[in-house]
Each structure stands twice: as structure tokens, then as C-alpha cells.
>>> print(open('work.pdb').read())   # PDB, C-alpha atoms, pLDDT in the B column
ATOM      1  CA  ASP A   1     -31.982 -43.022  22.670  1.00 66.00           C
ATOM      2  CA  THR A   2     -28.740 -41.698  24.135  1.00 71.00           C
ATOM      3  CA  ALA A   3     -26.070 -44.393  23.945  1.00 93.00           C
ATOM      4  CA  VAL A   4     -23.844 -43.134  26.773  1.00 97.00           C
ATOM      5  CA  SER A   5     -25.484 -40.720  29.173  1.00 96.00           C
ATOM      6  CA  GLN A   6     -23.977 -38.830  32.083  1.00 96.00           C
ATOM      7  CA  THR A   7     -25.595 -36.795  34.807  1.00 96.00           C
ATOM      8  CA  PRO A   8     -25.317 -34.046  35.703  1.00 97.00           C
ATOM      9  CA  LYS A   9     -24.123 -32.075  32.692  1.00 96.00           C
ATOM     10  CA  TYR A  10     -22.938 -29.192  34.862  1.00 97.00           C
ATOM     11  CA  LEU A  11     -21.784 -29.296  38.461  1.00 97.00           C
ATOM     12  CA  VAL A  12     -20.689 -26.262  40.469  1.00 98.00           C
ATOM     13  CA  THR A  13     -19.599 -26.925  44.010  1.00 97.00           C
ATOM     14  CA  GLN A  14     -17.434 -25.580  46.770  1.00 97.00           C
ATOM     15  CA  MET A  15     -14.011 -26.830  47.780  1.00 97.00           C
ATOM     16  CA  GLY A  16     -14.145 -29.638  50.275  1.00 97.00           C
ATOM     17  CA  ASN A  17     -17.504 -30.988  49.141  1.00 98.00           C
ATOM     18  CA  ASP A  18     -18.154 -34.538  47.964  1.00 98.00           C
ATOM     19  CA  LYS A  19     -19.910 -35.104  44.662  1.00 98.00           C
ATOM     20  CA  SER A  20     -20.862 -37.922  42.311  1.00 98.00           C
ATOM     21  CA  ILE A  21     -21.250 -38.203  38.555  1.00 98.00           C
ATOM     22  CA  LYS A  22     -23.348 -40.991  37.103  1.00 98.00           C
ATOM     23  CA  CYS A  23     -22.923 -42.766  33.787  1.00 97.00           C
ATOM     24  CA  GLU A  24     -25.043 -45.312  31.995  1.00 97.00           C
ATOM     25  CA  GLN A  25     -24.659 -46.961  28.604  1.00 97.00           C
ATOM     26  CA  ASN A  26     -27.320 -48.849  26.672  1.00 96.00           C
ATOM     27  CA  LEU A  27     -25.004 -50.233  23.984  1.00 94.00           C
ATOM     28  CA  GLY A  28     -24.471 -53.580  25.663  1.00 93.00           C
ATOM     29  CA  HIS A  29     -20.745 -52.841  25.949  1.00 93.00           C
ATOM     30  CA  ASP A  30     -18.532 -54.661  28.413  1.00 92.00           C
ATOM     31  CA  THR A  31     -15.997 -51.902  29.056  1.00 92.00           C
ATOM     32  CA  MET A  32     -16.501 -48.431  30.483  1.00 94.00           C
ATOM     33  CA  TYR A  33     -14.109 -45.572  31.135  1.00 94.00           C
ATOM     34  CA  TRP A  34     -13.726 -42.252  32.855  1.00 95.00           C
ATOM     35  CA  TYR A  35     -11.641 -39.626  31.118  1.00 95.00           C
ATOM     36  CA  LYS A  36     -10.704 -36.160  32.352  1.00 96.00           C
ATOM     37  CA  GLN A  37     -10.318 -33.258  29.931  1.00 96.00           C
ATOM     38  CA  ASP A  38      -8.446 -30.322  31.398  1.00 91.00           C
ATOM     39  CA  SER A  39      -8.503 -26.671  30.430  1.00 85.00           C
ATOM     40  CA  LYS A  40      -5.944 -27.351  27.697  1.00 83.00           C
ATOM     41  CA  LYS A  41      -8.328 -29.910  26.212  1.00 84.00           C
ATOM     42  CA  PHE A  42      -6.056 -32.865  26.928  1.00 89.00           C
ATOM     43  CA  LEU A  43      -8.134 -36.023  27.350  1.00 93.00           C
ATOM     44  CA  LYS A  44      -6.586 -38.364  29.891  1.00 93.00           C
ATOM     45  CA  ILE A  45      -7.746 -41.803  31.015  1.00 92.00           C
ATOM     46  CA  MET A  46      -8.564 -42.116  34.707  1.00 93.00           C
ATOM     47  CA  PHE A  47     -10.259 -45.484  35.158  1.00 91.00           C
ATOM     48  CA  SER A  48     -11.521 -48.407  33.145  1.00 90.00           C
ATOM     49  CA  TYR A  49     -13.852 -51.215  34.126  1.00 90.00           C
ATOM     50  CA  ASN A  50     -14.478 -54.404  32.218  1.00 88.00           C
ATOM     51  CA  ASN A  51     -17.549 -56.383  33.253  1.00 86.00           C
ATOM     52  CA  LYS A  52     -17.664 -54.489  36.566  1.00 84.00           C
ATOM     53  CA  GLU A  53     -14.000 -55.214  37.313  1.00 86.00           C
ATOM     54  CA  LEU A  54     -11.423 -52.434  37.586  1.00 87.00           C
ATOM     55  CA  ILE A  55      -8.724 -52.876  34.939  1.00 84.00           C
ATOM     56  CA  ILE A  56      -7.149 -49.434  34.758  1.00 80.00           C
ATOM     57  CA  ASN A  57      -6.451 -47.071  37.608  1.00 78.00           C
ATOM     58  CA  GLU A  58      -4.154 -44.350  36.380  1.00 80.00           C
ATOM     59  CA  THR A  59      -2.340 -42.023  38.742  1.00 79.00           C
ATOM     60  CA  VAL A  60      -5.444 -40.479  40.193  1.00 89.00           C
ATOM     61  CA  PRO A  61      -5.794 -39.191  43.773  1.00 91.00           C
ATOM     62  CA  ASN A  62      -7.535 -41.537  46.186  1.00 92.00           C
ATOM     63  CA  ARG A  63     -10.251 -38.933  46.511  1.00 95.00           C
ATOM     64  CA  PHE A  64     -11.605 -40.277  43.225  1.00 95.00           C
ATOM     65  CA  SER A  65     -13.450 -43.565  43.558  1.00 94.00           C
ATOM     66  CA  PRO A  66     -15.260 -45.256  40.694  1.00 94.00           C
ATOM     67  CA  LYS A  67     -18.058 -47.715  41.280  1.00 93.00           C
ATOM     68  CA  SER A  68     -19.626 -50.101  38.800  1.00 93.00           C
ATOM     69  CA  PRO A  69     -22.818 -51.715  40.118  1.00 92.00           C
ATOM     70  CA  ASP A  70     -23.276 -53.532  36.799  1.00 92.00           C
ATOM     71  CA  LYS A  71     -21.619 -53.423  33.419  1.00 90.00           C
ATOM     72  CA  ALA A  72     -24.025 -50.780  32.123  1.00 95.00           C
ATOM     73  CA  HIS A  73     -23.193 -48.277  34.857  1.00 96.00           C
ATOM     74  CA  LEU A  74     -19.987 -46.614  35.986  1.00 96.00           C
ATOM     75  CA  ASN A  75     -20.235 -43.839  38.551  1.00 96.00           C
ATOM     76  CA  LEU A  76     -17.507 -41.532  39.776  1.00 97.00           C
ATOM     77  CA  HIS A  77     -17.436 -40.246  43.334  1.00 97.00           C
ATOM     78  CA  ILE A  78     -15.078 -37.457  44.311  1.00 97.00           C
ATOM     79  CA  ASN A  79     -14.311 -36.616  47.933  1.00 97.00           C
ATOM     80  CA  SER A  80     -12.936 -33.362  49.317  1.00 97.00           C
ATOM     81  CA  LEU A  81     -13.070 -31.508  46.028  1.00 97.00           C
ATOM     82  CA  GLU A  82     -10.160 -29.216  45.169  1.00 97.00           C
ATOM     83  CA  LEU A  83      -9.883 -26.291  42.754  1.00 96.00           C
ATOM     84  CA  GLY A  84      -7.653 -28.407  40.506  1.00 94.00           C
ATOM     85  CA  ASP A  85     -10.428 -30.930  40.025  1.00 96.00           C
ATOM     86  CA  SER A  86     -12.254 -28.438  37.814  1.00 96.00           C
ATOM     87  CA  ALA A  87     -12.443 -30.037  34.387  1.00 96.00           C
ATOM     88  CA  VAL A  88     -14.801 -31.832  32.041  1.00 97.00           C
ATOM     89  CA  TYR A  89     -15.244 -35.490  32.916  1.00 98.00           C
ATOM     90  CA  PHE A  90     -16.252 -37.854  30.141  1.00 98.00           C
ATOM     91  CA  CYS A  91     -17.645 -41.313  30.518  1.00 97.00           C
ATOM     92  CA  ALA A  92     -17.113 -43.674  27.587  1.00 96.00           C
ATOM     93  CA  SER A  93     -17.776 -47.273  26.684  1.00 95.00           C
ATOM     94  CA  SER A  94     -16.459 -49.814  24.219  1.00 92.00           C
ATOM     95  CA  LEU A  95     -17.471 -53.287  23.146  1.00 89.00           C
ATOM     96  CA  GLY A  96     -14.513 -54.793  24.952  1.00 82.00           C
ATOM     97  CA  THR A  97     -10.878 -54.254  25.777  1.00 78.00           C
ATOM     98  CA  GLY A  98      -9.712 -55.266  22.311  1.00 76.00           C
ATOM     99  CA  ASN A  99      -9.197 -53.062  19.330  1.00 69.00           C
ATOM    100  CA  THR A 100     -12.540 -51.366  19.530  1.00 81.00           C
ATOM    101  CA  GLU A 101     -13.517 -47.750  19.419  1.00 89.00           C
ATOM    102  CA  ALA A 102     -14.882 -45.894  22.424  1.00 93.00           C
ATOM    103  CA  PHE A 103     -18.120 -43.927  22.468  1.00 95.00           C
ATOM    104  CA  PHE A 104     -18.383 -40.915  24.712  1.00 96.00           C
ATOM    105  CA  GLY A 105     -21.079 -39.410  26.864  1.00 97.00           C
ATOM    106  CA  GLN A 106     -21.850 -35.704  26.678  1.00 96.00           C
ATOM    107  CA  GLY A 107     -19.489 -34.844  29.522  1.00 97.00           C
ATOM    108  CA  THR A 108     -19.881 -33.290  32.965  1.00 98.00           C
ATOM    109  CA  ARG A 109     -18.362 -29.864  33.443  1.00 97.00           C
ATOM    110  CA  LEU A 110     -17.232 -29.713  37.059  1.00 97.00           C
ATOM    111  CA  THR A 111     -16.372 -26.325  38.502  1.00 97.00           C
ATOM    112  CA  VAL A 112     -14.962 -26.147  42.010  1.00 97.00           C
ATOM    113  CA  VAL A 113     -15.115 -22.701  43.605  1.00 97.00           C
TER
ATOM    114  CA  GLN B   1       8.335 -38.416  24.784  1.00 62.00           C
ATOM    115  CA  LYS B   2       4.575 -38.069  24.701  1.00 74.00           C
ATOM    116  CA  GLU B   3       2.722 -41.216  23.682  1.00 89.00           C
ATOM    117  CA  VAL B   4       0.610 -39.502  21.041  1.00 94.00           C
ATOM    118  CA  GLU B   5       1.669 -36.211  19.503  1.00 95.00           C
ATOM    119  CA  GLN B   6      -0.245 -33.780  17.353  1.00 95.00           C
ATOM    120  CA  ASN B   7       0.402 -30.253  16.218  1.00 89.00           C
ATOM    121  CA  SER B   8      -2.043 -28.127  18.207  1.00 85.00           C
ATOM    122  CA  GLY B   9      -2.606 -25.690  15.341  1.00 86.00           C
ATOM    123  CA  PRO B  10      -4.736 -23.874  14.564  1.00 93.00           C
ATOM    124  CA  LEU B  11      -4.694 -25.217  11.032  1.00 96.00           C
ATOM    125  CA  SER B  12      -6.533 -22.855   8.746  1.00 97.00           C
ATOM    126  CA  VAL B  13      -7.723 -23.962   5.303  1.00 97.00           C
ATOM    127  CA  PRO B  14     -10.094 -22.324   2.835  1.00 97.00           C
ATOM    128  CA  GLU B  15     -13.442 -23.906   2.106  1.00 97.00           C
ATOM    129  CA  GLY B  16     -13.148 -26.612  -0.528  1.00 97.00           C
ATOM    130  CA  ALA B  17      -9.485 -27.332   0.152  1.00 97.00           C
ATOM    131  CA  ILE B  18      -7.946 -30.495   1.586  1.00 97.00           C
ATOM    132  CA  ALA B  19      -7.137 -30.403   5.287  1.00 97.00           C
ATOM    133  CA  SER B  20      -4.299 -32.657   6.390  1.00 97.00           C
ATOM    134  CA  LEU B  21      -4.002 -33.590  10.056  1.00 97.00           C
ATOM    135  CA  ASN B  22      -1.047 -35.542  11.393  1.00 97.00           C
ATOM    136  CA  CYS B  23      -0.285 -37.654  14.411  1.00 96.00           C
ATOM    137  CA  THR B  24       2.736 -39.618  15.606  1.00 97.00           C
ATOM    138  CA  TYR B  25       2.852 -42.212  18.343  1.00 95.00           C
ATOM    139  CA  SER B  26       5.645 -43.663  20.420  1.00 93.00           C
ATOM    140  CA  ASP B  27       4.600 -47.267  21.132  1.00 90.00           C
ATOM    141  CA  ARG B  28       5.604 -49.432  18.191  1.00 89.00           C
ATOM    142  CA  GLY B  29       3.270 -52.163  19.465  1.00 86.00           C
ATOM    143  CA  SER B  30       0.162 -50.030  18.963  1.00 90.00           C
ATOM    144  CA  GLN B  31      -2.513 -51.770  16.942  1.00 88.00           C
ATOM    145  CA  SER B  32      -5.555 -49.525  16.725  1.00 92.00           C
ATOM    146  CA  PHE B  33      -5.814 -45.935  15.639  1.00 95.00           C
ATOM    147  CA  PHE B  34      -8.764 -43.583  15.744  1.00 96.00           C
ATOM    148  CA  TRP B  35      -9.686 -40.065  14.766  1.00 98.00           C
ATOM    149  CA  TYR B  36     -12.247 -38.191  16.802  1.00 98.00           C
ATOM    150  CA  ARG B  37     -13.790 -34.810  16.120  1.00 98.00           C
ATOM    151  CA  GLN B  38     -14.698 -32.553  19.023  1.00 97.00           C
ATOM    152  CA  TYR B  39     -16.713 -29.394  18.627  1.00 97.00           C
ATOM    153  CA  SER B  40     -16.318 -26.759  21.311  1.00 94.00           C
ATOM    154  CA  GLY B  41     -18.308 -27.723  24.386  1.00 93.00           C
ATOM    155  CA  LYS B  42     -19.228 -31.135  22.984  1.00 95.00           C
ATOM    156  CA  SER B  43     -17.997 -34.661  23.433  1.00 96.00           C
ATOM    157  CA  PRO B  44     -15.518 -36.455  21.130  1.00 97.00           C
ATOM    158  CA  GLU B  45     -17.219 -38.105  18.187  1.00 96.00           C
ATOM    159  CA  LEU B  46     -15.620 -41.002  16.320  1.00 96.00           C
ATOM    160  CA  ILE B  47     -14.860 -40.269  12.665  1.00 96.00           C
ATOM    161  CA  MET B  48     -12.537 -43.034  11.539  1.00 95.00           C
ATOM    162  CA  SER B  49     -10.748 -46.094  12.778  1.00 95.00           C
ATOM    163  CA  ILE B  50      -7.791 -47.746  11.046  1.00 96.00           C
ATOM    164  CA  TYR B  51      -5.903 -50.887  11.940  1.00 93.00           C
ATOM    165  CA  SER B  52      -3.760 -51.771   8.899  1.00 93.00           C
ATOM    166  CA  ASN B  53      -1.089 -49.925   6.967  1.00 95.00           C
ATOM    167  CA  GLY B  54      -2.389 -47.932   4.049  1.00 96.00           C
ATOM    168  CA  ASP B  55      -5.401 -45.771   3.384  1.00 96.00           C
ATOM    169  CA  LYS B  56      -8.987 -46.073   4.505  1.00 97.00           C
ATOM    170  CA  GLU B  57     -11.613 -43.875   2.936  1.00 97.00           C
ATOM    171  CA  ASP B  58     -15.058 -42.917   4.226  1.00 96.00           C
ATOM    172  CA  GLY B  59     -16.811 -40.180   2.322  1.00 97.00           C
ATOM    173  CA  ARG B  60     -14.717 -37.018   2.448  1.00 97.00           C
ATOM    174  CA  PHE B  61     -12.406 -38.513   5.076  1.00 98.00           C
ATOM    175  CA  THR B  62      -9.301 -40.616   4.461  1.00 98.00           C
ATOM    176  CA  ALA B  63      -7.204 -42.066   7.246  1.00 97.00           C
ATOM    177  CA  GLN B  64      -3.636 -43.092   6.466  1.00 98.00           C
ATOM    178  CA  LEU B  65      -1.479 -45.354   8.610  1.00 97.00           C
ATOM    179  CA  ASN B  66       2.235 -46.054   8.393  1.00 96.00           C
ATOM    180  CA  LYS B  67       3.274 -48.297  11.254  1.00 94.00           C
ATOM    181  CA  ALA B  68       6.947 -48.328  10.239  1.00 94.00           C
ATOM    182  CA  SER B  69       7.060 -44.555  10.632  1.00 95.00           C
ATOM    183  CA  GLN B  70       4.609 -44.618  13.570  1.00 95.00           C
ATOM    184  CA  TYR B  71       2.498 -42.075  11.803  1.00 96.00           C
ATOM    185  CA  VAL B  72      -1.230 -41.708  11.220  1.00 97.00           C
ATOM    186  CA  SER B  73      -2.975 -38.927   9.341  1.00 97.00           C
ATOM    187  CA  LEU B  74      -6.446 -37.747   8.461  1.00 98.00           C
ATOM    188  CA  LEU B  75      -7.285 -36.027   5.194  1.00 98.00           C
ATOM    189  CA  ILE B  76     -10.499 -34.094   4.818  1.00 98.00           C
ATOM    190  CA  ARG B  77     -11.400 -33.376   1.210  1.00 98.00           C
ATOM    191  CA  ASP B  78     -13.659 -30.508   0.150  1.00 98.00           C
ATOM    192  CA  SER B  79     -13.396 -28.975   3.633  1.00 98.00           C
ATOM    193  CA  GLN B  80     -16.509 -27.219   4.884  1.00 97.00           C
ATOM    194  CA  PRO B  81     -16.896 -24.564   7.599  1.00 97.00           C
ATOM    195  CA  SER B  82     -18.818 -27.205   9.565  1.00 97.00           C
ATOM    196  CA  ASP B  83     -15.585 -29.232   9.722  1.00 97.00           C
ATOM    197  CA  SER B  84     -14.094 -26.553  11.986  1.00 97.00           C
ATOM    198  CA  ALA B  85     -13.389 -28.399  15.227  1.00 97.00           C
ATOM    199  CA  THR B  86     -10.604 -30.016  17.196  1.00 97.00           C
ATOM    200  CA  TYR B  87      -9.465 -33.358  15.803  1.00 98.00           C
ATOM    201  CA  LEU B  88      -8.148 -35.856  18.302  1.00 97.00           C
ATOM    202  CA  CYS B  89      -5.870 -38.711  17.385  1.00 97.00           C
ATOM    203  CA  ALA B  90      -6.260 -41.761  19.644  1.00 96.00           C
ATOM    204  CA  VAL B  91      -4.057 -44.809  19.820  1.00 94.00           C
ATOM    205  CA  LYS B  92      -4.555 -48.106  21.586  1.00 90.00           C
ATOM    206  CA  LYS B  93      -1.484 -50.021  22.588  1.00 80.00           C
ATOM    207  CA  ASN B  94      -1.556 -53.760  22.078  1.00 72.00           C
ATOM    208  CA  SER B  95      -1.132 -54.268  25.802  1.00 71.00           C
ATOM    209  CA  GLY B  96      -3.394 -51.429  26.791  1.00 73.00           C
ATOM    210  CA  TYR B  97      -7.017 -51.282  27.787  1.00 79.00           C
ATOM    211  CA  ALA B  98      -7.847 -47.698  26.907  1.00 85.00           C
ATOM    212  CA  LEU B  99      -7.251 -45.127  24.223  1.00 90.00           C
ATOM    213  CA  ASN B 100      -4.405 -42.662  24.612  1.00 91.00           C
ATOM    214  CA  PHE B 101      -5.218 -39.318  23.081  1.00 94.00           C
ATOM    215  CA  GLY B 102      -3.119 -36.611  21.556  1.00 95.00           C
ATOM    216  CA  LYS B 103      -3.789 -33.017  22.543  1.00 94.00           C
ATOM    217  CA  GLY B 104      -5.727 -32.424  19.350  1.00 95.00           C
ATOM    218  CA  THR B 105      -5.352 -30.186  16.326  1.00 96.00           C
ATOM    219  CA  SER B 106      -7.676 -27.241  15.966  1.00 96.00           C
ATOM    220  CA  LEU B 107      -8.974 -26.933  12.400  1.00 97.00           C
ATOM    221  CA  LEU B 108     -10.536 -23.763  11.040  1.00 97.00           C
ATOM    222  CA  VAL B 109     -12.188 -23.845   7.633  1.00 97.00           C
ATOM    223  CA  THR B 110     -12.744 -20.354   6.333  1.00 96.00           C
ATOM    224  CA  PRO B 111     -15.542 -19.531   3.857  1.00 93.00           C
TER
END
>>> encode(input="work.pdb", output="C-alpha cells")
Amino acid sequence: DTAVSQTPKYLVTQMGNDKSIKCEQNLGHDTMYWYKQDSKKFLKIMFSYNNKELIINETVPNRFSPKSPDKAHLNLHINSLELGDSAVYFCASSLGTGNTEAFFGQGTRLTVV
Amino acid sequence: QKEVEQNSGPLSVPEGAIASLNCTYSDRGSQSFFWYRQYSGKSPELIMSIYSNGDKEDGRFTAQLNKASQYVSLLIRDSQPSDSATYLCAVKKNSGYALNFGKGTSLLVTP
């Protein structure tokens, strides 16, 4: 059983399109995250939800909108895709917002052409 | 000043040697520290967590934390070629809700 699963694994799309990435965790965790890893491999937090409530919204363009229908799911919708959005997007979850480790999904490699 | 700093490497060690990976952090209030391993094209995988000053050992891995110096390290004993990967240091601030990552150190273990 995959603990944190993302779909799709690869996404190639044209500039200006709108796309979504889905994430689900079966660990019973309360907190979920979206991280972006750029071409230089730097992993940067984008959003965090705790029990379906947004608790972190880093400096991310408004074109990115997370949605958490329940605490096991955190989806990421991106409007009007730009070339600079090309990156690997990782979903992660942790038991809570305390001093607990995060577990990552397999990542979604987004390529905007 | 970056919140979490690591030498990007690559760090090259011969098989069987000890690999030493270092990380410094800027927020003195940080409470939780983690080491992740990331193979090329894969997701970060948790190796170690450490919360108190001193050493924590798990198999061939030892994490060391010195909060006064704001320094955390990872030692890998008896390094194997399969240890070749990027090692990410992650720090959670006491007031924060997510992990802040360093840029990672690339480790190459040569046979």
C-alpha cells in the first residue's frame, strides 16, 4: 500500500493551460503539504493544510490553488501555466504540525512547453 | 542568510569509508531536525530524525546535533555505492508548520 500517492507522475502541457495534481495519504495523518523542487533540486514549501484548514501559504502566485476535501486528500490546481512552473511537485504528510517527520509522495514532474 | 545551509558537494568517498555530511541552520528556536535521502528521480526518504543535543545512532547512520552551534550532521559508516544520493537536511522551527530544507549534498561512494 502506497502511503502518500500522487497522480499523475508526469504531466506535459502547454503554456496557458490549467491542470490539477491529486494527492492522497492513507497514514491517518492530520497535516498535508505541497512542496516544489526546482531544477536546482531545492525543495520549497508551498502550502500546508491541517485537518482541511490552510495553515501555510508561502509566496506562491495566485494561479496555484490548493484544495483539501478531507484530511486524507490535498489537491493542487494550477491556472494559466507558465514555463517557470516546470518543476517536480511533491505532496507530503505528517502526523501533525508538531515535531513530526514528513513522508513524501513519489512526485509529479510538470513540464510546461 | 539562508535558513538551512548545506555544502552542495559532490562529496566523494571510497567504499567502506565514513561519509560526513554537515548542515547549519539560522533559527535558534528550531526544535526538530531531519535527514532525508533522495535518489535521482525519486522522492525524499526519511533516514533520521533528531531532537536533542548529542548523537543518535541507527545502523550505519549517526545523526549529531549541537544546538549551541546550530549545527547538525550525518555520519554514514562503511559507505556503500548504494548510499550515493543527495542528502537533504530539514529543520522545523518551533513556530513553524513545515520543514525547511537545505539544498542538499550530493554524495558519491566509489567502489
>>> residues_around(input="work.pdb", residues="Asn17 in chain A", least_positions_apart="2", cutoff="10 Å", atoms="all atoms listed in the file", output="list in words")
Thr13, Gln14, Met15, Lys19, Ile78, Asn79, Ser80, Leu81, Glu82 and Val112 of chain A
>>> atom_distance(input="work.pdb", atom1="CA of Lys2 in chain B", atom2="CA of Lys56 in chain B")
25.6 Å
>>> resolve_selection(input="work.pdb", expression="the PyMOL selection byres ((chain A) within 10 of (chain B))", output="PDB file with C-alpha atoms, in the coordinates of the input")
ATOM      1  CA  THR A  31     -15.997 -51.902  29.056  1.00 92.00           C
ATOM      2  CA  MET A  32     -16.501 -48.431  30.483  1.00 94.00           C
ATOM      3  CA  TYR A  33     -14.109 -45.572  31.135  1.00 94.00           C
ATOM      4  CA  TRP A  34     -13.726 -42.252  32.855  1.00 95.00           C
ATOM      5  CA  TYR A  35     -11.641 -39.626  31.118  1.00 95.00           C
ATOM      6  CA  GLN A  37     -10.318 -33.258  29.931  1.00 96.00           C
ATOM      7  CA  LYS A  40      -5.944 -27.351  27.697  1.00 83.00           C
ATOM      8  CA  LYS A  41      -8.328 -29.910  26.212  1.00 84.00           C
ATOM      9  CA  PHE A  42      -6.056 -32.865  26.928  1.00 89.00           C
ATOM     10  CA  LEU A  43      -8.134 -36.023  27.350  1.00 93.00           C
ATOM     11  CA  LYS A  44      -6.586 -38.364  29.891  1.00 93.00           C
ATOM     12  CA  ILE A  45      -7.746 -41.803  31.015  1.00 92.00           C
ATOM     13  CA  MET A  46      -8.564 -42.116  34.707  1.00 93.00           C
ATOM     14  CA  PHE A  47     -10.259 -45.484  35.158  1.00 91.00           C
ATOM     15  CA  SER A  48     -11.521 -48.407  33.145  1.00 90.00           C
ATOM     16  CA  TYR A  49     -13.852 -51.215  34.126  1.00 90.00           C
ATOM     17  CA  ASN A  50     -14.478 -54.404  32.218  1.00 88.00           C
ATOM     18  CA  ILE A  55      -8.724 -52.876  34.939  1.00 84.00           C
ATOM     19  CA  ILE A  56      -7.149 -49.434  34.758  1.00 80.00           C
ATOM     20  CA  VAL A  88     -14.801 -31.832  32.041  1.00 97.00           C
ATOM     21  CA  TYR A  89     -15.244 -35.490  32.916  1.00 98.00           C
ATOM     22  CA  PHE A  90     -16.252 -37.854  30.141  1.00 98.00           C
ATOM     23  CA  CYS A  91     -17.645 -41.313  30.518  1.00 97.00           C
ATOM     24  CA  ALA A  92     -17.113 -43.674  27.587  1.00 96.00           C
ATOM     25  CA  SER A  93     -17.776 -47.273  26.684  1.00 95.00           C
ATOM     26  CA  SER A  94     -16.459 -49.814  24.219  1.00 92.00           C
ATOM     27  CA  GLY A  96     -14.513 -54.793  24.952  1.00 82.00           C
ATOM     28  CA  THR A  97     -10.878 -54.254  25.777  1.00 78.00           C
ATOM     29  CA  GLY A  98      -9.712 -55.266  22.311  1.00 76.00           C
ATOM     30  CA  ASN A  99      -9.197 -53.062  19.330  1.00 69.00           C
ATOM     31  CA  THR A 100     -12.540 -51.366  19.530  1.00 81.00           C
ATOM     32  CA  GLU A 101     -13.517 -47.750  19.419  1.00 89.00           C
ATOM     33  CA  ALA A 102     -14.882 -45.894  22.424  1.00 93.00           C
ATOM     34  CA  PHE A 103     -18.120 -43.927  22.468  1.00 95.00           C
ATOM     35  CA  PHE A 104     -18.383 -40.915  24.712  1.00 96.00           C
ATOM     36  CA  GLY A 105     -21.079 -39.410  26.864  1.00 97.00           C
ATOM     37  CA  GLN A 106     -21.850 -35.704  26.678  1.00 96.00           C
ATOM     38  CA  GLY A 107     -19.489 -34.844  29.522  1.00 97.00           C
ATOM     39  CA  THR A 108     -19.881 -33.290  32.965  1.00 98.00           C
ATOM     40  CA  ARG A 109     -18.362 -29.864  33.443  1.00 97.00           C
TER      41      ARG A 109
END
>>> atom_distance(input="work.pdb", atom1="CA of Leu21 in chain B", atom2="CA of Pro111 in chain B")
19.2 Å
>>> closest_residue(input="work.pdb", among="B:Leu108, B:Arg60, B:Cys23, B:Leu11", to="Arg77 in chain B", atoms="all atoms listed in the file")
B:Arg60
>>> build_atoms(input="work.pdb", residues="range 75-89 of chain B", atoms="N, CA and C atoms", output="JSON list (two decimals), in the coordinates of the input")
[["chain", "number", "residue", "atom", "x", "y", "z"],
["B", 75, "LEU", "N", -7.06, -37.01, 6.25],
["B", 75, "LEU", "CA", -7.28, -36.03, 5.19],
["B", 75, "LEU", "C", -8.78, -35.75, 5.10],
["B", 76, "ILE", "N", -9.11, -34.48, 5.02],
["B", 76, "ILE", "CA", -10.50, -34.09, 4.82],
["B", 76, "ILE", "C", -10.58, -33.37, 3.49],
["B", 77, "ARG", "N", -11.26, -34.00, 2.54],
["B", 77, "ARG", "CA", -11.40, -33.38, 1.21],
["B", 77, "ARG", "C", -12.59, -32.45, 1.21],
["B", 78, "ASP", "N", -12.54, -31.45, 0.31],
["B", 78, "ASP", "CA", -13.66, -30.51, 0.15],
["B", 78, "ASP", "C", -14.08, -29.98, 1.53],
["B", 79, "SER", "N", -13.13, -29.44, 2.26],
["B", 79, "SER", "CA", -13.40, -28.98, 3.63],
["B", 79, "SER", "C", -14.54, -27.96, 3.66],
["B", 80, "GLN", "N", -15.37, -28.10, 4.69],
["B", 80, "GLN", "CA", -16.51, -27.22, 4.88],
["B", 80, "GLN", "C", -16.36, -26.46, 6.21],
["B", 81, "PRO", "N", -16.96, -25.28, 6.32],
["B", 81, "PRO", "CA", -16.90, -24.56, 7.60],
["B", 81, "PRO", "C", -17.38, -25.42, 8.77],
["B", 82, "SER", "N", -18.31, -26.33, 8.50],
["B", 82, "SER", "CA", -18.82, -27.20, 9.56],
["B", 82, "SER", "C", -17.78, -28.23, 10.03],
["B", 83, "ASP", "N", -16.67, -28.35, 9.29],
["B", 83, "ASP", "CA", -15.58, -29.23, 9.72],
["B", 83, "ASP", "C", -14.70, -28.56, 10.76],
["B", 84, "SER", "N", -14.89, -27.28, 10.99],
["B", 84, "SER", "CA", -14.09, -26.55, 11.99],
["B", 84, "SER", "C", -14.34, -27.15, 13.37],
["B", 85, "ALA", "N", -13.29, -27.69, 13.95],
["B", 85, "ALA", "CA", -13.39, -28.40, 15.23],
["B", 85, "ALA", "C", -11.98, -28.78, 15.65],
["B", 86, "THR", "N", -11.87, -29.42, 16.78],
["B", 86, "THR", "CA", -10.60, -30.02, 17.20],
["B", 86, "THR", "C", -10.63, -31.49, 16.85],
["B", 87, "TYR", "N", -9.56, -31.96, 16.22],
["B", 87, "TYR", "CA", -9.46, -33.36, 15.80],
["B", 87, "TYR", "C", -8.46, -34.07, 16.71],
["B", 88, "LEU", "N", -8.94, -35.11, 17.34],
["B", 88, "LEU", "CA", -8.15, -35.86, 18.30],
["B", 88, "LEU", "C", -7.71, -37.18, 17.71],
["B", 89, "CYS", "N", -6.42, -37.43, 17.79],
["B", 89, "CYS", "CA", -5.87, -38.71, 17.39],
["B", 89, "CYS", "C", -5.83, -39.60, 18.63]]
